[in-house]
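Notes follow once the structure below has been shown.
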Amino acid sequence: MARKLTDVERMNLDFLREALCRVLEPSQKNKAASAASALVRVRGGVVTDEDISGIVARFGESAQALGAAMRSEALDPVEGQEGVYTLRVPAQAESAAEKPQEDAGAAGVEADGGPAAEAPESAEAAPAGEDADAPAAPAPEKRAPRRHARRRAAPAEAGEAAPAAAVAPVAGDAAPATGEESAGEPALDKAPEPSESAERPDPAKRAERPRRPERGGRASAPRTQRGRLRRMGKGGNSRPMQLSEVPYVRRGGPAETEVRAKILELDQRFWMNGWLLSHPGAYTLFERRLTAINDALVNGALPGDITRRQLAYQMGGDEKFFEYGSDGHKLLRAMGMEDIIRHRPMPKPDLLYHAPRRRKHMRVLVTENLDPWLDVHDLMYEEGRTTVLGERIHAVVLGGGTPILEHNRLALLLDTLGADSVEVLYWGDIDRAGIDIMVRLRDVLGDHYPFAPFAPAYQLMIDKALERYPDPADNEQTCQVNLGMPDMSLICDGLTEEAAAYARSVVEGCRLIPQEILTRRDL
């Protein structure tokens, strides 16, 4: 069974997982946590090429991409040693792990050879003027175990003071001291006053015992919640980056009071269950989206005939914000507004297509995502449309991303249509992955089927993006830095010069213009 991770190791695991997710493709991100856990569990924190090969071997087709992501984002090479790496973790985690070791080392030096250990020897040295024939001092008793130190403290000190107070007999005494008296039990009326050198030492001057370091570095490690750093009270420097990191605030200070005043200005359905008022950090984190939803609710302009992704893009520019399991979905559920935000229901995606009737010559539109497929399907099924954006369309197929490239699926489907000739039009996201899928699909089909991008849809997507974000760098950012720059000539041939330049800037900057920017009304 795998060993339990410490708080620092859990914090390192989350940091490495997020670093890997930034460069992995969406279909590979679910493997980032397992890869990060394996890296953190390598003994000594030193990772070799052999360790990396063993970690990624179980991931099959994703092994090469995961290995490259580990070397570029999670590991730092060791100078002078080829194939040896160290974990790229935050300095805060490293210092938290090293602090208990430094405390333990300092305590060990003081306990082993410090001046405090030598002081009793110099204090117990016999004076030079003592008689050589004087009886030897009794051997010191064995020190009691620590667990009994408090219970036996008083008898031990009394037994040690008596031999120290014993002196040579005064001239004229009638009889010498007996063996019992020399052993440390003199008569009370004959006991002389103790000398200064025999006084009991001050407990305050005793050497301080070294403090035991905390096990596993737990005392010096920062407080965590599931491996992530938490805010340490009011005035913390760490700002929540996702909903799970937003703390509960019972009262708070002036800043929280100001945020709660803004929350009370929203529609009462946002705060009537009290969750948003007790988590003001959630409003600060998602203020732009919450105000957009509030404006739509107040004005009665919240549409119910568009999909969840299309609604999310209109509200904040992130088409996946309302997806199940996302922060947006969790936020609505926490506020009790999950049923208030109406949207079009989504069927289960699969290899779907719609061809109303068989024709001798057919033009088939392939869409990357489900939302545009539904829009075109409804136009053809409900309204009997045969043209979309001025282009004649006889069938629509859901590509679903990379699955359309597997096992020659599209070619087999086109063969079942029974047409003499079939022309394929492709429509997907404007980003590195979307353009790459289109180019690869053209190569898979070869010369069997004429192929072209759905230029009117791409032109309209860019026009809407230009209106919303004049600067291409303001579009939604992606984690596709590990993908090379695709061939843009295929899509740019059907665009205007301005639109083509805008599309190149978006793709070169790892940005995204999603298909969901267009709705059924636009088609």
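Order determines the names: the first chain of the structure tokens is A, the second B, and so forth; residues in each chain are numbered 1 upward, and ligands are numbered 1 upward as they are shown.
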Shell of 12 Å around Ile52 in chain A, only C-alpha atoms, local chain residues under 3 positions omitted, as number ranges by chain: A: 35-36, 38-40, 42, 46-49, 55-59, 63-71, 74-75, 83-86
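Compared by their closest atoms to Leu87 in chain A, and using only C-alpha atoms, the residues A:Arg260, A:His329, A:Arg43, A:His354 rank with A:Arg43 nearest.
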With distances taken over only C-alpha atoms, which residue among A:Pro240, A:Pro403, A:Pro486, A:Pro514 lies nearest Gly428 in chain A?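 Nearest to Gly428 in chain A: A:Pro514.
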Val388 in chain A: which residues within 12 Å, counting only C-alpha atoms, same-chain residues fewer than 2 positions away excluded, as a count of residues only? 31
Within 8 Å of Ile462 in chain A, counting only C-alpha atoms, which residues qualify if same-chain residues fewer than 5 places away don't, as an MDAnalysis selection string? chainID A and resid 499 502:503 513
Atom pair CA of Val246 in chain A / CA of Leu297 in chain A: separation (Å): 25.1 Å
Do you have the CA of Ala500 in chain A-CA of Gln477 in chain A distance handy?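 According to the coordinates, CA of Ala500 in chain A and CA of Gln477 in chain A are separated by 18.9 Å.
Between CA of Glu338 in chain A and CA of Leu290 in chain A the interatomic distance comes to 13.3 Å.
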Surrounding residues of Ala334 in chain A excluding itself and chain neighbours under 4 positions, 12 Å, only C-alpha atoms, as a PyMOL selection string: chain A and resi 243-244+269-279+282+327-330+338-339
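All residues of range 343-388 of chain A that DSSP, run on the backbone, classes as strand (DSSP E) are Tyr353, His354, His361, Met362, Arg363, Val364, Leu365, Val366, Thr367, Thr387 and Val388 of chain A.
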Would you export the selected residues with N, CA and C atoms as an mmCIF file, in the first residue's frame, please?
data_model
loop_
_atom_site.group_PDB
_atom_site.id
_atom_site.type_symbol
_atom_site.label_atom_id
_atom_site.label_comp_id
_atom_site.auth_asym_id
_atom_site.auth_seq_id
_atom_site.Cartn_x
_atom_site.Cartn_y
_atom_site.Cartn_z
ATOM 1 N N TYR A 353 -25.204 12.110 -36.531
ATOM 2 C CA TYR A 353 -25.316 12.798 -37.821
ATOM 3 C C TYR A 353 -26.794 12.912 -38.170
ATOM 4 N N HIS A 354 -27.094 13.862 -39.054
ATOM 5 C CA HIS A 354 -28.469 14.065 -39.510
ATOM 6 C C HIS A 354 -28.446 14.351 -41.003
ATOM 7 N N HIS A 361 -25.836 14.403 -55.161
ATOM 8 C CA HIS A 361 -24.646 15.174 -54.783
ATOM 9 C C HIS A 361 -24.933 15.823 -53.433
ATOM 10 N N MET A 362 -24.048 15.582 -52.447
ATOM 11 C CA MET A 362 -24.307 16.039 -51.080
ATOM 12 C C MET A 362 -23.124 16.862 -50.566
ATOM 13 N N ARG A 363 -23.475 17.858 -49.762
ATOM 14 C CA ARG A 363 -22.469 18.644 -49.028
ATOM 15 C C ARG A 363 -22.698 18.372 -47.540
ATOM 16 N N VAL A 364 -21.697 17.832 -46.874
ATOM 17 C CA VAL A 364 -21.802 17.394 -45.472
ATOM 18 C C VAL A 364 -20.978 18.350 -44.613
ATOM 19 N N LEU A 365 -21.610 18.910 -43.590
ATOM 20 C CA LEU A 365 -20.931 19.804 -42.648
ATOM 21 C C LEU A 365 -20.536 19.010 -41.410
ATOM 22 N N VAL A 366 -19.254 19.032 -41.066
ATOM 23 C CA VAL A 366 -18.733 18.372 -39.863
ATOM 24 C C VAL A 366 -18.412 19.451 -38.836
ATOM 25 N N THR A 367 -19.023 19.364 -37.653
ATOM 26 C CA THR A 367 -18.767 20.338 -36.585
ATOM 27 C C THR A 367 -17.951 19.670 -35.486
ATOM 28 N N THR A 387 -29.913 25.648 -46.403
ATOM 29 C CA THR A 387 -28.779 26.576 -46.483
ATOM 30 C C THR A 387 -28.469 27.108 -45.095
ATOM 31 N N VAL A 388 -27.188 27.199 -44.785
ATOM 32 C CA VAL A 388 -26.708 27.745 -43.522
ATOM 33 C C VAL A 388 -25.631 28.764 -43.844
#
At a cut-off of 9 Å, using only C-alpha atoms, what residues contact Glu25 in chain A? Leave out same-chain residues fewer than 5 positions from it and give the result as an mmCIF file with N, CA and C atoms, in the first residue's frame.
data_model
loop_
_atom_site.group_PDB
_atom_site.id
_atom_site.type_symbol
_atom_site.label_atom_id
_atom_site.label_comp_id
_atom_site.auth_asym_id
_atom_site.auth_seq_id
_atom_site.Cartn_x
_atom_site.Cartn_y
_atom_site.Cartn_z
ATOM 1 N N ALA A 65 3.876 12.346 -24.320
ATOM 2 C CA ALA A 65 3.485 13.711 -23.968
ATOM 3 C C ALA A 65 3.680 13.972 -22.482
ATOM 4 N N ALA A 433 -5.568 23.416 -31.436
ATOM 5 C CA ALA A 433 -6.125 22.070 -31.526
ATOM 6 C C ALA A 433 -7.174 21.987 -32.630
ATOM 7 N N CYS A 479 -4.214 26.042 -22.854
ATOM 8 C CA CYS A 479 -3.000 25.365 -22.375
ATOM 9 C C CYS A 479 -2.389 24.527 -23.487
ATOM 10 N N GLN A 480 -2.343 25.059 -24.696
ATOM 11 C CA GLN A 480 -1.889 24.295 -25.857
ATOM 12 C C GLN A 480 -0.488 24.697 -26.310
ATOM 13 N N ASN A 482 2.135 23.131 -25.831
ATOM 14 C CA ASN A 482 2.898 21.973 -26.284
ATOM 15 C C ASN A 482 2.552 21.568 -27.711
ATOM 16 N N LEU A 483 1.508 22.171 -28.288
ATOM 17 C CA LEU A 483 1.152 21.898 -29.684
ATOM 18 C C LEU A 483 1.873 22.887 -30.595
#
Tell me which protein, DNA and RNA residues are within 12 Å of Glu498 in chain A, counting only C-alpha atoms, leaving out same-chain ones fewer than 5 positions away, and put them as a VMD selection string. chain A and resid 459 462 to 463 466 470 472 492 to 493 503 to 505
